[in-house]
Amino acid sequence: MTGIDTRVDELEARLGDPWDPDNPAGFAAIVAADEREETPSGGRAVLDDYGILAEFVPRGLGGRLERVDHLVELMRSVYRRDPSLGLGHCSSSLLGAVNVWTAGSEEQRQDAAKLLLAGGKISCAFHELAHGNDIGSVEFSATPAGNALMLNGRKESITNLDRADAVVFLARTDPAGGPRSTSQLFVPVTGIDPARARFLPRFRSVGMRGVRLGGIEVDGAPVDRDALLGPTGTGMETVARAFQLTRMALPGMSTAMLDTALRVTLRHVRGRRLYGRTAADIPMVRTTLANAFTDLLVCEAFSNVAARSLHVLPASGSVYAPAVKYLLAGVLLDAVEQLSLVMGSEFYRRDGEHAVFQKTVRDIKPVAFGHIARAACLSAVLPQLPVLARRAWGKPGPRPGTGPGPGSGPGPGSGPAPAELFVADHAVPPLDLPGLSLVSGGQDGLALSLGAALDDELPGPLRPLVEAQADQLASLAEACAGLKPRDLSIAAPVAVRDLAARYTTVLAAAACVGVWRHAPADGFLARPEWLVAALTRLAGVAAGSPRDVPYELEGGLVDELLDRERRTVGFGVSGRRYR
């Protein structure tokens with residue numbers, strides 16, 4: 001067993017059987033707490049006893065964080081139970097802390113680590129309702145005044161702000177504006193003069209009702225200049241690096257919500273009889289189950305590979321992070337919506353053993369807009385497409401082990417991705433958040449790995465699907481190479497934004513192909529059936545027209561799903577046993 005296996009097993013054992021009505025961290029307690037707009041106290045106690053916030057602290061600072069993919073895998077155990085508990089009690093502190101790990105001084109990093117290891121909370125106060133996801137337009141200011149900075153303004157819809165022990169603020173430090181007009185500050189709550197600050201009433205929400213969303217209004221509160229994270233004016237640069245981690249990790253954790261929705265649906269249709277047979281035997285139901293299972297595998301394969309890319313291909317995180325958020329949010333929401341049609345009237349139930357389903361339907365909605373909206377993700381990808389088209393896609397580099405050759409790409413990282421990007425238990429380089437690139441520089445090893453796969457002996461049904469993805473990349477290269485600066489702004493035409501959306505499906509397809517190619521020969525992931533289903537589904541996403549998994553594969557996928565339910569293992573890529 002590896003370290004992450006041991007930690008996940010321990011956490012699952014502590015959380016207990018989710019279906020046990022007497023379990024304080026089970027679905028019954030979770031739904032009851034949600035009705036009170038709280039997170040379950042029993043669940044919080046379990047996580048605190050486990051020391052969950054140590055998972056967000058780098059090992060060099062006394063915590064357990066070494067690999068982003070391991071962090072995501074462990075937190076899926078929490079999100080599978082209760083995403084409100086996962087975000088409100090856990091991941092909200094990651095959103096703030098990751099900025100400290102990226103730009104903080106050694107003293108700030110030590111202070112943040114000590115706080116989290118003691119069970120304290122860090123809030124990330126970036127958003128203002130007037131500006132939405134345009135955090136670069138913040139009005140909250142930190143104005144120099146002698147040896148201090150004077151805080152003024154409002155921050156709103158911030159998770160755990162009224163319970164935080166420290167806050168990372170994004171503030172305007174140059175009223176003239178421009179790319180270096182904002183800075184970040186790491187401020188202990190005790191360092192804010194209570195006479196100069198007022199916490200705003202809680203913002204209530206439809207989904208994630210247990211998450212406390214608050215705000216603060218500050219009027220001339222002085223804080224020490226040492227609160228600055230990094231040099232003045234580097235606030236957005238820190239965001240660009242730090243949020244590469246969180247924009248991959250949080251959607252990756254959220255795949256566990258589809259696992260829960262699928263498990264509840266399966267439990268329901270197997271127990272309901274219609275027309276002399278179980279509902280699980282109805283063709284439409286089986287198709288929906290097979291589609292959702294495939295979608296979960298796609299989302300987890302892509303998010304796992306992207307998480308490892310921060311270690312293996314750190315130059316590409318600025319592209320892969322928004323691509324993961326954009327694609328996963330769309331696929332997850334659509335899959336849960338289709339499952340709700342199978343649940344029928346049971347979908348609305350707020351009591352009974354299936355009540356957690358309606359909570360999951362509500363809780364998954366913020367995946368599309370929380371942290372950063374899907375539209376903003378496409379806007380983040382667009383400016384890099386022309387460079388990728390000219391330097392990476394149009395000039396594939398040498399395949400691993402062949403050395404440089406004619407037509408190779410521009411320098412290290414321009415060829416297909418190495419195996420460690422796709423293998424869960426393969427060693428990866430250490431995470432270097434301050435060293436992450438702000439732009440990819442035209443490097444895209446993940447997409448280029450499609451070409452390497454075509455050199456393999458692919459099973460008959462697979463080859464045309466992989467070739468179609470490689471052709472998609474070639475057509476994107478041709479279309480994107482000629483894009484003009486006016487095409488790359490927030491006001492880009494729909495047709496241009498569609499290029500960015502199609503690119504996310506190519507990346508997801510490349511991740512699935514890579515996971516399949518490097519899977520253990522005796523495992524489910526080495527079977528071509530799931531990959532054929534995955535590429536079929538992704539082709540439908542790219543075309544804007546949903547496609548069911550091929551009928552001839554449906555039975556095998558449903559059988560695998562039923563077998564996993566019987567063995568109480570996860571429906572995702574790892575197939576990990578849980579309570």
# chains A, B, ... in the order shown; residues from 1 in each chain; ligands from 1
call {"tool": "residues_around", "arguments": {"residues": "range 225-234 of chain A", "least_positions_apart": "5", "cutoff": "6 Å", "atoms": "only C-alpha atoms", "output": "PyMOL selection string"}}
result
chain A and resi 103-104+148-149+180-187
call {"tool": "write_last_selection", "arguments": {"atoms": "N, CA and C atoms", "output": "mmCIF file, in the first residue's frame"}}
result
data_model
loop_
_atom_site.group_PDB
_atom_site.id
_atom_site.type_symbol
_atom_site.label_atom_id
_atom_site.label_comp_id
_atom_site.auth_asym_id
_atom_site.auth_seq_id
_atom_site.Cartn_x
_atom_site.Cartn_y
_atom_site.Cartn_z
ATOM 1 N N ALA A 103 3.466 32.646 -2.989
ATOM 2 C CA ALA A 103 4.152 33.942 -2.974
ATOM 3 C C ALA A 103 4.589 34.403 -1.594
ATOM 4 N N GLY A 104 4.243 33.664 -0.546
ATOM 5 C CA GLY A 104 4.529 34.141 0.796
ATOM 6 C C GLY A 104 6.000 34.028 1.181
ATOM 7 N N ALA A 148 2.069 51.411 7.312
ATOM 8 C CA ALA A 148 0.902 50.536 7.251
ATOM 9 C C ALA A 148 0.252 50.613 5.873
ATOM 10 N N LEU A 149 -0.700 49.736 5.670
ATOM 11 C CA LEU A 149 -1.591 49.769 4.520
ATOM 12 C C LEU A 149 -3.004 49.919 5.055
ATOM 13 N N ARG A 180 -0.339 45.597 -13.030
ATOM 14 C CA ARG A 180 0.355 45.449 -11.750
ATOM 15 C C ARG A 180 -0.244 46.391 -10.700
ATOM 16 N N SER A 181 -1.558 46.506 -10.742
ATOM 17 C CA SER A 181 -2.235 47.433 -9.825
ATOM 18 C C SER A 181 -2.828 46.726 -8.614
ATOM 19 N N THR A 182 -2.733 45.387 -8.541
ATOM 20 C CA THR A 182 -3.316 44.665 -7.423
ATOM 21 C C THR A 182 -2.248 43.861 -6.681
ATOM 22 N N SER A 183 -2.506 43.650 -5.404
ATOM 23 C CA SER A 183 -1.609 42.881 -4.551
ATOM 24 C C SER A 183 -2.438 41.965 -3.660
ATOM 25 N N GLN A 184 -1.764 40.971 -3.098
ATOM 26 C CA GLN A 184 -2.414 40.098 -2.126
ATOM 27 C C GLN A 184 -1.838 40.361 -0.743
ATOM 28 N N LEU A 185 -2.702 40.200 0.264
ATOM 29 C CA LEU A 185 -2.292 40.384 1.645
ATOM 30 C C LEU A 185 -2.762 39.191 2.470
ATOM 31 N N PHE A 186 -1.907 38.707 3.343
ATOM 32 C CA PHE A 186 -2.233 37.621 4.260
ATOM 33 C C PHE A 186 -2.385 38.237 5.644
ATOM 34 N N VAL A 187 -3.634 38.296 6.113
ATOM 35 C CA VAL A 187 -3.948 39.085 7.311
ATOM 36 C C VAL A 187 -4.615 38.213 8.368
#
call {"tool": "residues_around", "arguments": {"residues": "Ser379 in chain A", "least_positions_apart": "4", "cutoff": "12 Å", "atoms": "only C-alpha atoms", "output": "ChimeraX atom specification"}}
result
/A:133-134,318-319,322-323,326,372-375,383-385,487-494,496-501
call {"tool": "atom_distance", "arguments": {"atom1": "CA of Gly460 in chain A", "atom2": "CA of Phe302 in chain A"}}
result
23.7 Å
call {"tool": "select_by_dssp", "arguments": {"residues": "range 139-268 of chain A", "states": "strand (DSSP E)", "output": "number ranges by chain"}}
result
A: 141-145, 148-159, 166-172, 182-188, 197-203, 213-224, 228-229
call {"tool": "write_last_selection", "arguments": {"atoms": "N, CA and C atoms", "output": "short mmCIF file (atom, residue, chain, number, x, y, z; two decimals), in the first residue's frame"}}
result
data_model
loop_
_atom_site.label_atom_id
_atom_site.label_comp_id
_atom_site.auth_asym_id
_atom_site.auth_seq_id
_atom_site.Cartn_x
_atom_site.Cartn_y
_atom_site.Cartn_z
N SER A 141 -9.36 48.25 -1.61
CA SER A 141 -8.04 48.86 -1.76
C SER A 141 -7.18 48.70 -0.50
N ALA A 142 -5.89 48.74 -0.72
CA ALA A 142 -4.90 48.76 0.35
C ALA A 142 -3.95 49.91 0.03
N THR A 143 -4.16 51.04 0.69
CA THR A 143 -3.46 52.27 0.37
C THR A 143 -2.31 52.52 1.34
N PRO A 144 -1.10 52.80 0.86
CA PRO A 144 0.02 53.08 1.77
C PRO A 144 -0.27 54.27 2.68
N ALA A 145 0.08 54.09 3.95
CA ALA A 145 -0.07 55.16 4.94
C ALA A 145 1.03 54.97 5.98
N ALA A 148 2.07 51.41 7.31
CA ALA A 148 0.90 50.54 7.25
C ALA A 148 0.25 50.61 5.87
N LEU A 149 -0.70 49.74 5.67
CA LEU A 149 -1.59 49.77 4.52
C LEU A 149 -3.00 49.92 5.06
N MET A 150 -3.76 50.85 4.49
CA MET A 150 -5.13 51.10 4.95
C MET A 150 -6.11 50.36 4.05
N LEU A 151 -6.86 49.44 4.64
CA LEU A 151 -7.83 48.65 3.90
C LEU A 151 -9.17 49.38 3.83
N ASN A 152 -9.74 49.42 2.63
CA ASN A 152 -11.05 50.04 2.42
C ASN A 152 -11.83 49.27 1.37
N GLY A 153 -13.12 49.07 1.63
CA GLY A 153 -13.96 48.45 0.62
C GLY A 153 -14.74 47.25 1.14
N ARG A 154 -15.34 46.52 0.20
CA ARG A 154 -16.20 45.37 0.54
C ARG A 154 -15.73 44.12 -0.22
N LYS A 155 -15.82 42.99 0.45
CA LYS A 155 -15.66 41.69 -0.17
C LYS A 155 -16.93 40.91 0.15
N GLU A 156 -17.46 40.18 -0.86
CA GLU A 156 -18.76 39.55 -0.68
C GLU A 156 -18.75 38.12 -1.22
N SER A 157 -19.68 37.33 -0.68
CA SER A 157 -19.87 35.94 -1.07
C SER A 157 -18.58 35.14 -0.90
N ILE A 158 -17.97 35.30 0.28
CA ILE A 158 -16.69 34.65 0.60
C ILE A 158 -16.95 33.51 1.58
N THR A 159 -16.42 32.34 1.27
CA THR A 159 -16.63 31.17 2.11
C THR A 159 -15.90 31.29 3.44
N ALA A 166 -7.61 33.67 9.49
CA ALA A 166 -6.80 34.56 8.66
C ALA A 166 -7.48 34.68 7.30
N VAL A 167 -7.17 35.78 6.61
CA VAL A 167 -7.80 36.05 5.32
C VAL A 167 -6.72 36.46 4.33
N VAL A 168 -6.82 35.91 3.10
CA VAL A 168 -6.00 36.39 1.99
C VAL A 168 -6.86 37.33 1.17
N PHE A 169 -6.52 38.61 1.19
CA PHE A 169 -7.25 39.63 0.44
C PHE A 169 -6.56 39.90 -0.90
N LEU A 170 -7.35 40.12 -1.94
CA LEU A 170 -6.86 40.71 -3.18
C LEU A 170 -7.31 42.17 -3.18
N ALA A 171 -6.35 43.08 -3.24
CA ALA A 171 -6.68 44.50 -3.07
C ALA A 171 -5.99 45.33 -4.15
N ARG A 172 -6.61 46.46 -4.45
CA ARG A 172 -6.00 47.41 -5.38
C ARG A 172 -4.98 48.26 -4.62
N THR A 182 -2.73 45.39 -8.54
CA THR A 182 -3.32 44.67 -7.42
C THR A 182 -2.25 43.86 -6.68
N SER A 183 -2.51 43.65 -5.40
CA SER A 183 -1.61 42.88 -4.55
C SER A 183 -2.44 41.97 -3.66
N GLN A 184 -1.76 40.97 -3.10
CA GLN A 184 -2.41 40.10 -2.13
C GLN A 184 -1.84 40.36 -0.74
N LEU A 185 -2.70 40.20 0.26
CA LEU A 185 -2.29 40.38 1.65
C LEU A 185 -2.76 39.19 2.47
N PHE A 186 -1.91 38.71 3.34
CA PHE A 186 -2.23 37.62 4.26
C PHE A 186 -2.38 38.24 5.64
N VAL A 187 -3.63 38.30 6.11
CA VAL A 187 -3.95 39.09 7.31
C VAL A 187 -4.62 38.21 8.37
N PRO A 188 -4.05 38.09 9.56
CA PRO A 188 -4.78 37.43 10.65
C PRO A 188 -6.02 38.24 11.00
N ALA A 197 -14.15 47.45 10.88
CA ALA A 197 -14.63 46.40 9.99
C ALA A 197 -16.00 45.90 10.44
N ARG A 198 -16.81 45.50 9.49
CA ARG A 198 -18.14 44.97 9.79
C ARG A 198 -18.40 43.74 8.92
N PHE A 199 -18.72 42.62 9.59
CA PHE A 199 -19.08 41.42 8.83
C PHE A 199 -20.51 41.57 8.33
N LEU A 200 -20.72 41.25 7.07
CA LEU A 200 -22.02 41.37 6.44
C LEU A 200 -22.88 40.15 6.76
N PRO A 201 -24.21 40.29 6.67
CA PRO A 201 -25.08 39.13 6.90
C PRO A 201 -24.76 38.00 5.93
N ARG A 202 -25.03 36.80 6.37
CA ARG A 202 -24.73 35.62 5.56
C ARG A 202 -25.51 35.64 4.25
N PHE A 203 -24.84 35.25 3.17
CA PHE A 203 -25.50 35.08 1.88
C PHE A 203 -26.07 33.67 1.82
N LEU A 213 -21.45 31.57 3.37
CA LEU A 213 -20.98 32.62 2.47
C LEU A 213 -21.19 33.95 3.16
N GLY A 214 -20.13 34.68 3.36
CA GLY A 214 -20.22 35.94 4.08
C GLY A 214 -19.55 37.08 3.34
N GLY A 215 -19.43 38.18 4.02
CA GLY A 215 -18.79 39.36 3.44
C GLY A 215 -18.25 40.24 4.53
N ILE A 216 -17.46 41.22 4.14
CA ILE A 216 -16.87 42.15 5.10
C ILE A 216 -16.79 43.53 4.46
N GLU A 217 -17.05 44.52 5.26
CA GLU A 217 -16.91 45.91 4.84
C GLU A 217 -15.88 46.56 5.75
N VAL A 218 -14.84 47.12 5.16
CA VAL A 218 -13.73 47.68 5.92
C VAL A 218 -13.61 49.16 5.60
N ASP A 219 -13.41 49.96 6.64
CA ASP A 219 -13.32 51.41 6.48
C ASP A 219 -12.06 51.94 7.18
N GLY A 220 -10.98 51.98 6.42
CA GLY A 220 -9.74 52.54 6.96
C GLY A 220 -9.08 51.70 8.03
N ALA A 221 -9.06 50.38 7.85
CA ALA A 221 -8.41 49.50 8.83
C ALA A 221 -6.93 49.35 8.48
N PRO A 222 -6.02 49.71 9.38
CA PRO A 222 -4.59 49.59 9.08
C PRO A 222 -4.09 48.17 9.31
N VAL A 223 -3.23 47.71 8.40
CA VAL A 223 -2.53 46.43 8.57
C VAL A 223 -1.07 46.66 8.24
N ASP A 224 -0.21 45.83 8.78
CA ASP A 224 1.22 45.97 8.59
C ASP A 224 1.59 45.70 7.13
N LEU A 228 1.83 41.90 2.95
CA LEU A 228 1.87 41.70 1.51
C LEU A 228 2.43 40.32 1.17
N LEU A 229 1.77 39.64 0.25
CA LEU A 229 2.27 38.37 -0.27
C LEU A 229 3.05 38.67 -1.55
#
call {"tool": "select_by_dssp", "arguments": {"residues": "range 310-359 of chain A", "states": "alpha helix (DSSP H)", "output": "PDB file with C-alpha atoms, in the first residue's frame"}}
result
ATOM      1  CA  LEU A 310       1.508  20.424 -12.529  1.00  0.00           C
ATOM      2  CA  HIS A 311       4.413  18.173 -11.573  1.00  0.00           C
ATOM      3  CA  VAL A 312       5.311  16.667 -14.964  1.00  0.00           C
ATOM      4  CA  GLY A 317      -0.903  24.451 -16.300  1.00  0.00           C
ATOM      5  CA  SER A 318      -2.143  27.829 -17.483  1.00  0.00           C
ATOM      6  CA  VAL A 319      -3.990  26.053 -20.313  1.00  0.00           C
ATOM      7  CA  TYR A 320      -4.922  22.753 -18.690  1.00  0.00           C
ATOM      8  CA  ALA A 321      -6.429  24.281 -15.535  1.00  0.00           C
ATOM      9  CA  PRO A 322      -9.196  26.299 -17.245  1.00  0.00           C
ATOM     10  CA  ALA A 323      -9.736  23.458 -19.715  1.00  0.00           C
ATOM     11  CA  VAL A 324     -10.398  21.024 -16.870  1.00  0.00           C
ATOM     12  CA  LYS A 325     -12.797  23.409 -15.166  1.00  0.00           C
ATOM     13  CA  TYR A 326     -14.695  24.114 -18.391  1.00  0.00           C
ATOM     14  CA  LEU A 327     -15.112  20.536 -19.550  1.00  0.00           C
ATOM     15  CA  LEU A 328     -15.742  18.867 -16.196  1.00  0.00           C
ATOM     16  CA  ALA A 329     -18.371  21.370 -15.146  1.00  0.00           C
ATOM     17  CA  GLY A 330     -20.388  20.826 -18.313  1.00  0.00           C
ATOM     18  CA  VAL A 331     -20.132  17.033 -18.335  1.00  0.00           C
ATOM     19  CA  LEU A 332     -20.859  16.615 -14.625  1.00  0.00           C
ATOM     20  CA  LEU A 333     -23.944  18.834 -14.680  1.00  0.00           C
ATOM     21  CA  ASP A 334     -25.353  17.152 -17.774  1.00  0.00           C
ATOM     22  CA  ALA A 335     -24.770  13.658 -16.360  1.00  0.00           C
ATOM     23  CA  VAL A 336     -26.515  14.413 -13.065  1.00  0.00           C
ATOM     24  CA  GLU A 337     -29.424  16.020 -14.920  1.00  0.00           C
ATOM     25  CA  GLN A 338     -29.886  12.853 -16.996  1.00  0.00           C
ATOM     26  CA  LEU A 339     -29.807  10.721 -13.851  1.00  0.00           C
ATOM     27  CA  SER A 340     -32.498  12.928 -12.314  1.00  0.00           C
ATOM     28  CA  LEU A 341     -34.786  11.948 -15.206  1.00  0.00           C
ATOM     29  CA  VAL A 342     -34.282   8.301 -14.274  1.00  0.00           C
ATOM     30  CA  MET A 343     -34.993   9.059 -10.616  1.00  0.00           C
ATOM     31  CA  ALA A 355     -32.989  12.252  -0.194  1.00  0.00           C
ATOM     32  CA  VAL A 356     -29.278  12.863  -0.707  1.00  0.00           C
ATOM     33  CA  PHE A 357     -29.930  12.844  -4.469  1.00  0.00           C
ATOM     34  CA  GLN A 358     -31.837  16.154  -4.516  1.00  0.00           C
ATOM     35  CA  LYS A 359     -29.091  17.659  -2.372  1.00  0.00           C
TER      36      LYS A 359
END
call {"tool": "closest_residue", "arguments": {"among": "A:Arg247, A:His131, A:Arg527, A:Arg566", "to": "Gly370 in chain A", "atoms": "only C-alpha atoms"}}
result
A:Arg247
call {"tool": "closest_residue", "arguments": {"among": "A:Cys512, A:Ala242, A:Ile4, A:Leu473", "to": "Thr102 in chain A", "atoms": "only C-alpha atoms"}}
result
A:Ala242
call {"tool": "residues_around", "arguments": {"residues": "Leu553 in chain A", "least_positions_apart": "2", "cutoff": "12 Å", "atoms": "only C-alpha atoms", "output": "ChimeraX atom specification"}}
result
/A:286-287,290-291,294,461,527-534,536,548-551,555-560
call {"tool": "residues_around", "arguments": {"residues": "Phe243 in chain A", "least_positions_apart": "2", "cutoff": "12 Å", "atoms": "only C-alpha atoms", "output": "PyMOL selection string"}}
result
chain A and resi 94-102+124+126+235-241+245-250+310+317-322+325+371-372+377+433-434+436-438
